[in-house]
file query.pdb (PDB, C-alpha atoms)
ATOM      1  CA  MET A   1      -8.355  -9.742  17.697  1.00  0.00           C
ATOM      2  CA  GLY A   2      -6.043 -12.505  18.858  1.00  0.00           C
ATOM      3  CA  ASN A   3      -2.355 -13.272  18.556  1.00  0.00           C
ATOM      4  CA  TYR A   4      -2.469 -14.411  14.935  1.00  0.00           C
ATOM      5  CA  PHE A   5      -2.237 -13.068  11.421  1.00  0.00           C
ATOM      6  CA  TYR A   6      -4.810 -12.757   8.705  1.00  0.00           C
ATOM      7  CA  GLU A   7      -3.048 -13.518   5.426  1.00  0.00           C
ATOM      8  CA  PHE A   8      -4.206 -12.263   2.024  1.00  0.00           C
ATOM      9  CA  VAL A   9      -4.731 -15.342  -0.134  1.00  0.00           C
ATOM     10  CA  GLU A  10      -5.803 -15.310  -3.773  1.00  0.00           C
ATOM     11  CA  GLU A  11      -9.458 -16.188  -4.303  1.00  0.00           C
ATOM     12  CA  GLU A  12     -11.527 -15.553  -7.405  1.00  0.00           C
ATOM     13  CA  ASN A  13     -14.368 -13.943  -5.460  1.00  0.00           C
ATOM     14  CA  GLY A  14     -12.265 -12.366  -2.720  1.00  0.00           C
ATOM     15  CA  GLN A  15     -13.628  -9.168  -1.150  1.00  0.00           C
ATOM     16  CA  HIS A  16     -10.304  -7.345  -1.351  1.00  0.00           C
ATOM     17  CA  GLN A  17      -7.973  -6.583  -4.237  1.00  0.00           C
ATOM     18  CA  ILE A  18      -4.228  -6.200  -4.624  1.00  0.00           C
ATOM     19  CA  GLY A  19      -3.091  -4.485  -7.817  1.00  0.00           C
ATOM     20  CA  GLY A  20      -5.423  -3.734 -10.717  1.00  0.00           C
ATOM     21  CA  LYS A  21      -6.183  -0.554 -12.605  1.00  0.00           C
ATOM     22  CA  GLN A  22      -6.922   2.734 -10.901  1.00  0.00           C
ATOM     23  CA  PRO A  23     -10.733   3.192 -10.944  1.00  0.00           C
ATOM     24  CA  ILE A  24     -11.994   6.025 -13.139  1.00  0.00           C
ATOM     25  CA  GLU A  25     -13.735   7.702 -10.201  1.00  0.00           C
ATOM     26  CA  PHE A  26     -10.614   7.629  -8.011  1.00  0.00           C
ATOM     27  CA  LYS A  27      -8.146  10.499  -8.429  1.00  0.00           C
ATOM     28  CA  PHE A  28      -4.536  10.666  -7.265  1.00  0.00           C
ATOM     29  CA  PRO A  29      -3.602  13.674  -5.105  1.00  0.00           C
ATOM     30  CA  GLY A  30      -1.747  16.548  -6.715  1.00  0.00           C
ATOM     31  CA  ASN A  31       2.016  16.036  -6.402  1.00  0.00           C
ATOM     32  CA  ASN A  32       5.409  16.343  -8.109  1.00  0.00           C
ATOM     33  CA  PHE A  33       6.702  12.884  -7.209  1.00  0.00           C
ATOM     34  CA  ILE A  34       8.925  11.138  -9.733  1.00  0.00           C
ATOM     35  CA  SER A  35       6.635   8.343 -11.015  1.00  0.00           C
ATOM     36  CA  ASN A  36       3.553   9.777  -9.253  1.00  0.00           C
ATOM     37  CA  PHE A  37       1.536   7.370  -7.077  1.00  0.00           C
ATOM     38  CA  GLN A  38       0.893   3.712  -7.882  1.00  0.00           C
ATOM     39  CA  TYR A  39      -2.527   2.151  -7.403  1.00  0.00           C
ATOM     40  CA  LEU A  40      -2.130  -0.906  -5.162  1.00  0.00           C
ATOM     41  CA  GLY A  41      -5.707  -2.177  -4.842  1.00  0.00           C
ATOM     42  CA  PHE A  42      -8.340  -1.781  -2.144  1.00  0.00           C
ATOM     43  CA  ILE A  43      -9.471  -3.008   1.266  1.00  0.00           C
ATOM     44  CA  ASN A  44     -13.218  -3.549   1.406  1.00  0.00           C
ATOM     45  CA  ASN A  45     -14.877  -2.435   4.641  1.00  0.00           C
ATOM     46  CA  ASN A  46     -17.793  -4.799   3.960  1.00  0.00           C
ATOM     47  CA  ASP A  47     -15.492  -7.458   5.428  1.00  0.00           C
ATOM     48  CA  LYS A  48     -16.289  -7.634   9.160  1.00  0.00           C
ATOM     49  CA  LEU A  49     -12.551  -7.569   9.909  1.00  0.00           C
ATOM     50  CA  PHE A  50     -12.397  -4.078   8.408  1.00  0.00           C
ATOM     51  CA  ASN A  51     -15.807  -2.709   9.398  1.00  0.00           C
ATOM     52  CA  TRP A  52     -13.998  -0.077  11.460  1.00  0.00           C
ATOM     53  CA  LEU A  53     -12.812   1.580   8.246  1.00  0.00           C
ATOM     54  CA  PRO A  54     -15.107   4.446   7.199  1.00  0.00           C
ATOM     55  CA  PHE A  55     -15.209   3.295   3.546  1.00  0.00           C
ATOM     56  CA  LYS A  56     -13.613   0.981   1.000  1.00  0.00           C
ATOM     57  CA  LEU A  57      -9.993   2.080   1.170  1.00  0.00           C
ATOM     58  CA  HIS A  58      -8.169   2.500  -2.150  1.00  0.00           C
ATOM     59  CA  LEU A  59      -4.454   1.951  -1.512  1.00  0.00           C
ATOM     60  CA  ILE A  60      -1.971   4.265  -3.242  1.00  0.00           C
ATOM     61  CA  CYS A  61       1.683   5.067  -2.640  1.00  0.00           C
ATOM     62  CA  PRO A  62       4.788   6.163  -4.641  1.00  0.00           C
ATOM     63  CA  ILE A  63       6.485   2.873  -3.785  1.00  0.00           C
ATOM     64  CA  TYR A  64       9.607   3.269  -5.970  1.00  0.00           C
ATOM     65  CA  LEU A  65      10.827   6.403  -4.198  1.00  0.00           C
ATOM     66  CA  ASN A  66      12.943   7.003  -1.113  1.00  0.00           C
ATOM     67  CA  ILE A  67       9.934   8.017   0.947  1.00  0.00           C
ATOM     68  CA  ASP A  68       9.520   8.449   4.688  1.00  0.00           C
ATOM     69  CA  LYS A  69       5.866   8.593   5.736  1.00  0.00           C
ATOM     70  CA  ILE A  70       3.095   9.566   3.329  1.00  0.00           C
ATOM     71  CA  TYR A  71      -0.026  11.022   4.980  1.00  0.00           C
ATOM     72  CA  LEU A  72      -3.227  11.351   2.967  1.00  0.00           C
ATOM     73  CA  ASP A  73      -6.547  12.920   3.920  1.00  0.00           C
ATOM     74  CA  TYR A  74      -9.391  10.735   2.627  1.00  0.00           C
ATOM     75  CA  SER A  75     -12.197  13.067   3.751  1.00  0.00           C
ATOM     76  CA  SER A  76     -13.262  12.809   0.116  1.00  0.00           C
ATOM     77  CA  GLN A  77     -12.742   9.070  -0.248  1.00  0.00           C
ATOM     78  CA  ASN A  78     -12.202   9.080  -4.020  1.00  0.00           C
ATOM     79  CA  GLN A  79     -10.113  12.267  -4.076  1.00  0.00           C
ATOM     80  CA  PRO A  80      -7.596  12.062  -1.225  1.00  0.00           C
ATOM     81  CA  LYS A  81      -5.404  15.066  -0.502  1.00  0.00           C
ATOM     82  CA  LEU A  82      -1.707  14.929   0.294  1.00  0.00           C
ATOM     83  CA  ILE A  83      -0.983  16.153   3.828  1.00  0.00           C
ATOM     84  CA  SER A  84       2.735  15.406   3.804  1.00  0.00           C
ATOM     85  CA  PRO A  85       5.434  15.442   2.610  1.00  0.00           C
ATOM     86  CA  LYS A  86       5.340  18.900   1.059  1.00  0.00           C
ATOM     87  CA  ASN A  87       8.633  18.604  -0.856  1.00  0.00           C
ATOM     88  CA  THR A  88       7.439  15.986  -3.343  1.00  0.00           C
ATOM     89  CA  ALA A  89       9.691  17.263  -6.146  1.00  0.00           C
ATOM     90  CA  GLU A  90      12.799  16.731  -3.988  1.00  0.00           C
ATOM     91  CA  ILE A  91      12.241  13.057  -3.125  1.00  0.00           C
ATOM     92  CA  ASP A  92      14.572  10.879  -5.180  1.00  0.00           C
ATOM     93  CA  SER A  93      14.608   7.280  -6.368  1.00  0.00           C
ATOM     94  CA  GLU A  94      17.110   4.482  -6.847  1.00  0.00           C
ATOM     95  CA  TYR A  95      15.617   3.982 -10.317  1.00  0.00           C
ATOM     96  CA  LEU A  96      17.090   6.630 -12.611  1.00  0.00           C
ATOM     97  CA  GLU A  97      14.752   5.742 -15.493  1.00  0.00           C
ATOM     98  CA  LEU A  98      11.748   7.116 -13.596  1.00  0.00           C
ATOM     99  CA  THR A  99      10.448  10.595 -14.439  1.00  0.00           C
ATOM    100  CA  THR A 100       7.390  12.637 -13.511  1.00  0.00           C
ATOM    101  CA  GLU A 101       5.732  11.164 -16.611  1.00  0.00           C
ATOM    102  CA  SER A 102       6.366   7.532 -15.642  1.00  0.00           C
ATOM    103  CA  TYR A 103       3.350   5.304 -15.172  1.00  0.00           C
ATOM    104  CA  LEU A 104       2.758   1.662 -14.340  1.00  0.00           C
ATOM    105  CA  ASP A 105      -0.029  -0.538 -13.053  1.00  0.00           C
ATOM    106  CA  PHE A 106      -0.165  -4.058 -11.674  1.00  0.00           C
ATOM    107  CA  GLU A 107      -2.027  -7.243 -12.462  1.00  0.00           C
ATOM    108  CA  GLU A 108      -5.221  -7.616 -10.482  1.00  0.00           C
ATOM    109  CA  ARG A 109      -5.419 -10.185  -7.683  1.00  0.00           C
ATOM    110  CA  LYS A 110      -8.670 -10.756  -5.794  1.00  0.00           C
ATOM    111  CA  VAL A 111      -7.816 -11.864  -2.257  1.00  0.00           C
ATOM    112  CA  THR A 112      -9.487 -13.020   0.922  1.00  0.00           C
ATOM    113  CA  LEU A 113      -8.178 -13.168   4.476  1.00  0.00           C
ATOM    114  CA  VAL A 114      -7.245 -16.502   6.046  1.00  0.00           C
ATOM    115  CA  LYS A 115      -6.286 -16.892   9.711  1.00  0.00           C
ATOM    116  CA  SER A 116      -2.713 -18.115  10.193  1.00  0.00           C
ATOM    117  CA  THR A 117      -0.218 -18.465  13.039  1.00  0.00           C
ATOM    118  CA  GLU A 118       2.824 -18.623  10.724  1.00  0.00           C
ATOM    119  CA  ILE A 119       3.757 -16.559   7.662  1.00  0.00           C
ATOM    120  CA  ASP A 120       6.175 -17.464   4.881  1.00  0.00           C
ATOM    121  CA  ASP A 121       7.333 -13.986   3.888  1.00  0.00           C
ATOM    122  CA  MET A 122       9.049 -15.368   0.777  1.00  0.00           C
ATOM    123  CA  GLU A 123       5.625 -16.079  -0.745  1.00  0.00           C
ATOM    124  CA  CYS A 124       3.159 -13.927   1.175  1.00  0.00           C
ATOM    125  CA  ILE A 125       1.211 -11.150  -0.586  1.00  0.00           C
ATOM    126  CA  GLY A 126       0.297  -9.416   2.646  1.00  0.00           C
ATOM    127  CA  ILE A 127      -1.223  -9.653   6.106  1.00  0.00           C
ATOM    128  CA  SER A 128      -3.484  -7.877   8.549  1.00  0.00           C
ATOM    129  CA  ASN A 129      -4.359  -7.963  12.280  1.00  0.00           C
ATOM    130  CA  LYS A 130      -0.746  -8.348  13.453  1.00  0.00           C
ATOM    131  CA  LEU A 131       2.561  -6.896  12.279  1.00  0.00           C
ATOM    132  CA  PHE A 132       5.239  -9.218  10.904  1.00  0.00           C
ATOM    133  CA  LYS A 133       9.018  -8.858  11.447  1.00  0.00           C
ATOM    134  CA  VAL A 134       9.055  -5.189  12.353  1.00  0.00           C
ATOM    135  CA  GLN A 135      12.105  -3.343  13.639  1.00  0.00           C
ATOM    136  CA  ASN A 136      11.726  -0.380  15.999  1.00  0.00           C
ATOM    137  CA  LEU A 137       8.360   0.485  14.510  1.00  0.00           C
ATOM    138  CA  ASN A 138       6.690   3.557  15.976  1.00  0.00           C
ATOM    139  CA  ILE A 139       2.952   3.525  15.420  1.00  0.00           C
ATOM    140  CA  PRO A 140       2.207   6.727  13.476  1.00  0.00           C
ATOM    141  CA  ARG A 141       0.007   9.459  14.902  1.00  0.00           C
ATOM    142  CA  CYS A 142      -2.553  11.269  12.821  1.00  0.00           C
ATOM    143  CA  PRO A 143      -1.331  14.785  11.924  1.00  0.00           C
ATOM    144  CA  LYS A 144      -4.938  16.041  12.081  1.00  0.00           C
ATOM    145  CA  SER A 145      -6.212  14.542  15.354  1.00  0.00           C
ATOM    146  CA  GLY A 146      -3.018  13.513  17.153  1.00  0.00           C
ATOM    147  CA  ASN A 147      -4.519  10.059  17.750  1.00  0.00           C
ATOM    148  CA  LYS A 148      -2.537   6.864  17.271  1.00  0.00           C
ATOM    149  CA  MET A 149      -3.438   5.266  13.975  1.00  0.00           C
ATOM    150  CA  LYS A 150      -4.791   1.725  13.550  1.00  0.00           C
ATOM    151  CA  PHE A 151      -2.981  -0.965  11.590  1.00  0.00           C
ATOM    152  CA  VAL A 152      -4.724  -1.800   8.298  1.00  0.00           C
ATOM    153  CA  CYS A 153      -2.333  -4.100   6.463  1.00  0.00           C
ATOM    154  CA  GLN A 154       1.246  -4.953   5.543  1.00  0.00           C
ATOM    155  CA  LEU A 155       1.960  -5.727   1.882  1.00  0.00           C
ATOM    156  CA  MET A 156       5.089  -7.725   1.076  1.00  0.00           C
ATOM    157  CA  THR A 157       7.510  -7.659  -1.832  1.00  0.00           C
ATOM    158  CA  PHE A 158       7.780 -11.405  -2.308  1.00  0.00           C
ATOM    159  CA  GLY A 159       4.110 -11.810  -3.140  1.00  0.00           C
ATOM    160  CA  GLU A 160       5.410 -10.670  -6.555  1.00  0.00           C
ATOM    161  CA  ILE A 161       2.363  -8.986  -8.068  1.00  0.00           C
ATOM    162  CA  PRO A 162       3.551  -8.445 -11.678  1.00  0.00           C
ATOM    163  CA  VAL A 163       3.483  -5.133 -13.505  1.00  0.00           C
ATOM    164  CA  ASN A 164       0.706  -5.212 -16.086  1.00  0.00           C
ATOM    165  CA  LYS A 165       1.622  -2.094 -18.071  1.00  0.00           C
ATOM    166  CA  ARG A 166       4.151   0.736 -17.978  1.00  0.00           C
ATOM    167  CA  ASN A 167       5.150   3.577 -20.276  1.00  0.00           C
ATOM    168  CA  PHE A 168       8.945   3.334 -19.926  1.00  0.00           C
ATOM    169  CA  GLU A 169      11.710   0.807 -20.558  1.00  0.00           C
ATOM    170  CA  SER A 170      13.842  -0.760 -17.848  1.00  0.00           C
ATOM    171  CA  GLU A 171      16.104  -3.779 -17.476  1.00  0.00           C
ATOM    172  CA  ASP A 172      15.775  -3.700 -13.672  1.00  0.00           C
ATOM    173  CA  GLU A 173      13.664  -6.654 -12.530  1.00  0.00           C
ATOM    174  CA  ASN A 174      12.628  -4.690  -9.443  1.00  0.00           C
ATOM    175  CA  LEU A 175      10.423  -2.635 -11.761  1.00  0.00           C
ATOM    176  CA  ASP A 176       8.713  -5.783 -13.058  1.00  0.00           C
ATOM    177  CA  TYR A 177       6.547  -6.294  -9.975  1.00  0.00           C
ATOM    178  CA  MET A 178       5.132  -4.579  -6.886  1.00  0.00           C
ATOM    179  CA  ASN A 179       8.322  -3.914  -4.987  1.00  0.00           C
ATOM    180  CA  PHE A 180       8.933  -2.344  -1.589  1.00  0.00           C
ATOM    181  CA  TRP A 181      12.618  -1.414  -1.452  1.00  0.00           C
ATOM    182  CA  CYS A 182      13.682  -4.797  -2.904  1.00  0.00           C
ATOM    183  CA  ASP A 183      12.824  -6.944   0.135  1.00  0.00           C
ATOM    184  CA  GLY A 184      10.670  -4.818   2.411  1.00  0.00           C
ATOM    185  CA  SER A 185       7.024  -4.246   3.273  1.00  0.00           C
ATOM    186  CA  LEU A 186       4.540  -1.440   2.827  1.00  0.00           C
ATOM    187  CA  PHE A 187       2.716  -0.596   6.058  1.00  0.00           C
ATOM    188  CA  VAL A 188      -0.725   1.030   5.997  1.00  0.00           C
ATOM    189  CA  PHE A 189      -2.333   2.709   9.006  1.00  0.00           C
ATOM    190  CA  CYS A 190      -5.609   4.625   9.271  1.00  0.00           C
ATOM    191  CA  GLU A 191      -7.246   6.997  11.751  1.00  0.00           C
ATOM    192  CA  PRO A 192     -10.922   6.362  10.963  1.00  0.00           C
ATOM    193  CA  ILE A 193     -12.389   9.426  12.676  1.00  0.00           C
ATOM    194  CA  SER A 194     -10.227  11.941  10.792  1.00  0.00           C
ATOM    195  CA  LYS A 195     -10.156   9.671   7.697  1.00  0.00           C
ATOM    196  CA  THR A 196      -6.393   9.987   7.498  1.00  0.00           C
ATOM    197  CA  VAL A 197      -4.148   7.226   6.129  1.00  0.00           C
ATOM    198  CA  CYS A 198      -0.398   6.753   6.558  1.00  0.00           C
ATOM    199  CA  TYR A 199       1.862   4.724   4.259  1.00  0.00           C
ATOM    200  CA  PHE A 200       5.526   3.883   4.762  1.00  0.00           C
ATOM    201  CA  ILE A 201       8.033   1.238   3.692  1.00  0.00           C
ATOM    202  CA  GLN A 202      10.402  -0.653   5.956  1.00  0.00           C
ATOM    203  CA  SER A 203      12.927  -3.310   4.983  1.00  0.00           C
ATOM    204  CA  THR A 204      12.542  -6.556   6.918  1.00  0.00           C
TER
END

call {"tool": "encode", "arguments": {"input": "query.pdb", "output": "structure tokens"}}
result
Amino acid sequence: MGNYFYEFVEEENGQHQIGGKQPIEFKFPGNNFISNFQYLGFINNNDKLFNWLPFKLHLICPIYLNIDKIYLDYSSQNQPKLISPKNTAEIDSEYLELTTESYLDFEERKVTLVKSTEIDDMECIGISNKLFKVQNLNIPRCPKSGNKMKFVCQLMTFGEIPVNKRNFESEDENLDYMNFWCDGSLFVFCEPISKTVCYFIQST
């Protein structure tokens, strides 16, 4: 698809969404994570750049935890199942105010993809097509099929999508917006045949 990025740029009628409220029909997987999952928006497969996705992909991840890789089975696209990790109750967080009852959602941003050869990561919401500033990144393999997974998108901390609502108090500004380990990125990969999605965070 070329040696360039596609950058998510805010647009009122954009096909994709970053942040927003979890849709009523979409259910988080069962888990014992501190803070549960956060709803991060969706990637619309009606966009020709994502027509390889089997459906509109709702993005979710427990982004405030010390996670490794999160694998979800989207065979039921609105009710994904957690494949791994299994020890969700044991995964800790740098934010001591978080509990299993903690909840927050983010302001909604409609976005479109714009071709770019350069990215300012201090302002960028996210990108697709090509990875940005990665260090020793091993492309994940699907735990169901064994196939290498395809890159969907990379969401960045400094796009600063604000928190819209939360049910706990905190003076830590890192809990005021969509934050990936203070200065990192969330990487999303998908294996479309098995309908498996992988999420992980890496600092840049």

call {"tool": "resolve_selection", "arguments": {"input": "query.pdb", "expression": "the PyMOL selection byres ((chain A and resi 38) around 9)", "output": "number ranges by chain"}}
result
A: 22, 28, 35-37, 39-40, 59-64, 103-106

call {"tool": "write_last_selection", "arguments": {"input": "query.pdb", "atoms": "C-alpha atoms", "output": "compact mmCIF listing (two decimals), in the frame of the given file"}}
result
# COMPACT_ATOMS: atom_id res chain seq x y z
CA GLN A 22 -6.92 2.73 -10.90
CA PHE A 28 -4.54 10.67 -7.26
CA SER A 35 6.64 8.34 -11.02
CA ASN A 36 3.55 9.78 -9.25
CA PHE A 37 1.54 7.37 -7.08
CA TYR A 39 -2.53 2.15 -7.40
CA LEU A 40 -2.13 -0.91 -5.16
CA LEU A 59 -4.45 1.95 -1.51
CA ILE A 60 -1.97 4.26 -3.24
CA CYS A 61 1.68 5.07 -2.64
CA PRO A 62 4.79 6.16 -4.64
CA ILE A 63 6.48 2.87 -3.78
CA TYR A 64 9.61 3.27 -5.97
CA TYR A 103 3.35 5.30 -15.17
CA LEU A 104 2.76 1.66 -14.34
CA ASP A 105 -0.03 -0.54 -13.05
CA PHE A 106 -0.16 -4.06 -11.67

call {"tool": "closest_residue", "arguments": {"input": "query.pdb", "among": "A:Pro192, A:Gly126, A:Gly20, A:Pro29", "to": "Phe8 in chain A", "atoms": "all atoms listed in the file"}}
result
A:Gly126

call {"tool": "resolve_selection", "arguments": {"input": "query.pdb", "expression": "the PyMOL selection byres ((chain A and resi 118) around 12)", "output": "VMD selection string"}}
result
chain A and resid 3 to 7 114 to 117 119 to 121 124 127 130 to 133

call {"tool": "resolve_selection", "arguments": {"input": "query.pdb", "expression": "the PyMOL selection byres ((chain A and resi 89) around 6)", "output": "VMD selection string"}}
result
chain A and resid 32 to 33 87 to 88 90 to 91

call {"tool": "closest_residue", "arguments": {"input": "query.pdb", "among": "A:Asn78, A:Gly41, A:Asn51, A:Asn13", "to": "Phe26 in chain A", "atoms": "all atoms listed in the file"}}
result
A:Asn78

call {"tool": "closest_residue", "arguments": {"input": "query.pdb", "among": "A:Phe189, A:Trp181, A:Phe151, A:Trp52", "to": "Ser203 in chain A", "atoms": "all atoms listed in the file"}}
result
A:Trp181

call {"tool": "atom_distance", "arguments": {"input": "query.pdb", "atom1": "CA of Tyr199 in chain A", "atom2": "CA of Asn136 in chain A"}}
result
16.2 Å

call {"tool": "atom_distance", "arguments": {"input": "query.pdb", "atom1": "CA of Met178 in chain A", "atom2": "CA of Leu53 in chain A"}}
result
24.3 Å

call {"tool": "closest_residue", "arguments": {"input": "query.pdb", "among": "A:Phe168, A:Pro85, A:Leu57, A:Met122", "to": "Cys190 in chain A", "atoms": "only C-alpha atoms"}}
result
A:Leu57

call {"tool": "residues_around", "arguments": {"input": "query.pdb", "residues": "Glu10 in chain A", "least_positions_apart": "2", "cutoff": "12 Å", "atoms": "all atoms listed in the file", "output": "list of chain:residue names"}}
result
A:Glu7, A:Phe8, A:Glu12, A:Asn13, A:Gly14, A:Gln15, A:His16, A:Gln17, A:Ile18, A:Gly19, A:Glu108, A:Arg109, A:Lys110, A:Val111, A:Thr112, A:Leu113, A:Val114, A:Glu123, A:Cys124, A:Ile125, A:Gly126, A:Gly159, A:Ile161

call {"tool": "residues_near_point", "arguments": {"input": "query.pdb", "point": "(-4.5, 16.1, -1.1)", "cutoff": "9 Å", "atoms": "only C-alpha atoms", "output": "PyMOL selection string"}}
result
chain A and resi 28-31+72-74+79-84

call {"tool": "axis_aligned_box", "arguments": {"input": "query.pdb", "around": "range 164-182 of chain A", "padding_each_side": "6 Å", "output": "lines of an AutoDock Vina configuration file"}}
result
center_x = 8.4
center_y = -1.5
center_z = -11.0
size_x = 27.4
size_y = 22.2
size_z = 31.1

call {"tool": "atom_distance", "arguments": {"input": "query.pdb", "atom1": "CA of Leu175 in chain A", "atom2": "CA of Lys27 in chain A"}}
result
23.0 Å

call {"tool": "closest_residue", "arguments": {"input": "query.pdb", "among": "A:Asp68, A:Glu101, A:Glu173, A:Glu107", "to": "Phe187 in chain A", "atoms": "all atoms listed in the file"}}
result
A:Asp68

call {"tool": "closest_residue", "arguments": {"input": "query.pdb", "among": "A:Glu25, A:Asn46, A:Phe180, A:Phe200", "to": "Asn138 in chain A", "atoms": "all atoms listed in the file"}}
result
A:Phe200

call {"tool": "residues_near_point", "arguments": {"input": "query.pdb", "point": "(6.5, -6.7, -9.3)", "cutoff": "6 Å", "atoms": "only C-alpha atoms", "output": "ChimeraX atom specification"}}
result
/A:160-163,176-179

call {"tool": "build_atoms", "arguments": {"input": "query.pdb", "residues": "range 146-153 of chain A", "atoms": "all heavy atoms", "output": "PDB file, keeping the file's coordinate frame"}}
result
ATOM      1  N   GLY A 146      -4.003  13.869  16.137  1.00  0.00           N
ATOM      2  CA  GLY A 146      -3.018  13.513  17.153  1.00  0.00           C
ATOM      3  C   GLY A 146      -3.202  12.112  17.707  1.00  0.00           C
ATOM      4  O   GLY A 146      -2.398  11.648  18.517  1.00  0.00           O
ATOM      5  N   ASN A 147      -4.252  11.405  17.264  1.00  0.00           N
ATOM      6  CA  ASN A 147      -4.519  10.059  17.750  1.00  0.00           C
ATOM      7  C   ASN A 147      -3.568   9.044  17.118  1.00  0.00           C
ATOM      8  O   ASN A 147      -3.144   9.212  15.972  1.00  0.00           O
ATOM      9  CB  ASN A 147      -5.958   9.642  17.425  1.00  0.00           C
ATOM     10  CG  ASN A 147      -6.982  10.487  18.155  1.00  0.00           C
ATOM     11  OD1 ASN A 147      -6.721  10.993  19.241  1.00  0.00           O
ATOM     12  ND2 ASN A 147      -8.155  10.622  17.564  1.00  0.00           N
ATOM     13  N   LYS A 148      -3.272   7.965  17.868  1.00  0.00           N
ATOM     14  CA  LYS A 148      -2.537   6.864  17.271  1.00  0.00           C
ATOM     15  C   LYS A 148      -3.374   6.233  16.171  1.00  0.00           C
ATOM     16  O   LYS A 148      -4.590   6.089  16.303  1.00  0.00           O
ATOM     17  CB  LYS A 148      -2.175   5.820  18.324  1.00  0.00           C
ATOM     18  CG  LYS A 148      -0.926   6.167  19.121  1.00  0.00           C
ATOM     19  CD  LYS A 148      -0.434   4.963  19.917  1.00  0.00           C
ATOM     20  CE  LYS A 148       0.910   5.267  20.567  1.00  0.00           C
ATOM     21  NZ  LYS A 148       1.437   4.092  21.305  1.00  0.00           N
ATOM     22  N   MET A 149      -2.729   5.822  15.113  1.00  0.00           N
ATOM     23  CA  MET A 149      -3.438   5.266  13.975  1.00  0.00           C
ATOM     24  C   MET A 149      -3.526   3.740  14.106  1.00  0.00           C
ATOM     25  O   MET A 149      -2.707   3.114  14.766  1.00  0.00           O
ATOM     26  CB  MET A 149      -2.742   5.672  12.676  1.00  0.00           C
ATOM     27  CG  MET A 149      -2.571   7.188  12.556  1.00  0.00           C
ATOM     28  SD  MET A 149      -1.781   7.750  11.032  1.00  0.00           S
ATOM     29  CE  MET A 149      -3.193   7.733   9.918  1.00  0.00           C
ATOM     30  N   LYS A 150      -4.548   3.161  13.472  1.00  0.00           N
ATOM     31  CA  LYS A 150      -4.791   1.725  13.550  1.00  0.00           C
ATOM     32  C   LYS A 150      -4.171   1.006  12.356  1.00  0.00           C
ATOM     33  O   LYS A 150      -4.235   1.493  11.228  1.00  0.00           O
ATOM     34  CB  LYS A 150      -6.300   1.457  13.593  1.00  0.00           C
ATOM     35  CG  LYS A 150      -6.994   1.967  14.840  1.00  0.00           C
ATOM     36  CD  LYS A 150      -8.471   1.586  14.844  1.00  0.00           C
ATOM     37  CE  LYS A 150      -8.660   0.076  14.967  1.00  0.00           C
ATOM     38  NZ  LYS A 150     -10.100  -0.288  15.130  1.00  0.00           N
ATOM     39  N   PHE A 151      -3.609  -0.155  12.624  1.00  0.00           N
ATOM     40  CA  PHE A 151      -2.981  -0.965  11.590  1.00  0.00           C
ATOM     41  C   PHE A 151      -4.037  -1.510  10.634  1.00  0.00           C
ATOM     42  O   PHE A 151      -5.011  -2.135  11.050  1.00  0.00           O
ATOM     43  CB  PHE A 151      -2.213  -2.106  12.245  1.00  0.00           C
ATOM     44  CG  PHE A 151      -1.570  -3.077  11.296  1.00  0.00           C
ATOM     45  CD1 PHE A 151      -0.707  -2.633  10.299  1.00  0.00           C
ATOM     46  CD2 PHE A 151      -1.806  -4.433  11.406  1.00  0.00           C
ATOM     47  CE1 PHE A 151      -0.093  -3.535   9.430  1.00  0.00           C
ATOM     48  CE2 PHE A 151      -1.199  -5.343  10.560  1.00  0.00           C
ATOM     49  CZ  PHE A 151      -0.348  -4.893   9.558  1.00  0.00           C
ATOM     50  N   VAL A 152      -3.827  -1.271   9.326  1.00  0.00           N
ATOM     51  CA  VAL A 152      -4.724  -1.800   8.298  1.00  0.00           C
ATOM     52  C   VAL A 152      -4.124  -3.063   7.692  1.00  0.00           C
ATOM     53  O   VAL A 152      -4.719  -4.143   7.750  1.00  0.00           O
ATOM     54  CB  VAL A 152      -4.992  -0.760   7.185  1.00  0.00           C
ATOM     55  CG1 VAL A 152      -5.897  -1.356   6.107  1.00  0.00           C
ATOM     56  CG2 VAL A 152      -5.597   0.516   7.758  1.00  0.00           C
ATOM     57  N   CYS A 153      -2.935  -2.935   7.112  1.00  0.00           N
ATOM     58  CA  CYS A 153      -2.333  -4.100   6.463  1.00  0.00           C
ATOM     59  C   CYS A 153      -0.853  -3.864   6.205  1.00  0.00           C
ATOM     60  O   CYS A 153      -0.362  -2.735   6.280  1.00  0.00           O
ATOM     61  CB  CYS A 153      -3.046  -4.448   5.151  1.00  0.00           C
ATOM     62  SG  CYS A 153      -2.940  -3.162   3.867  1.00  0.00           S
TER      63      CYS A 153
END
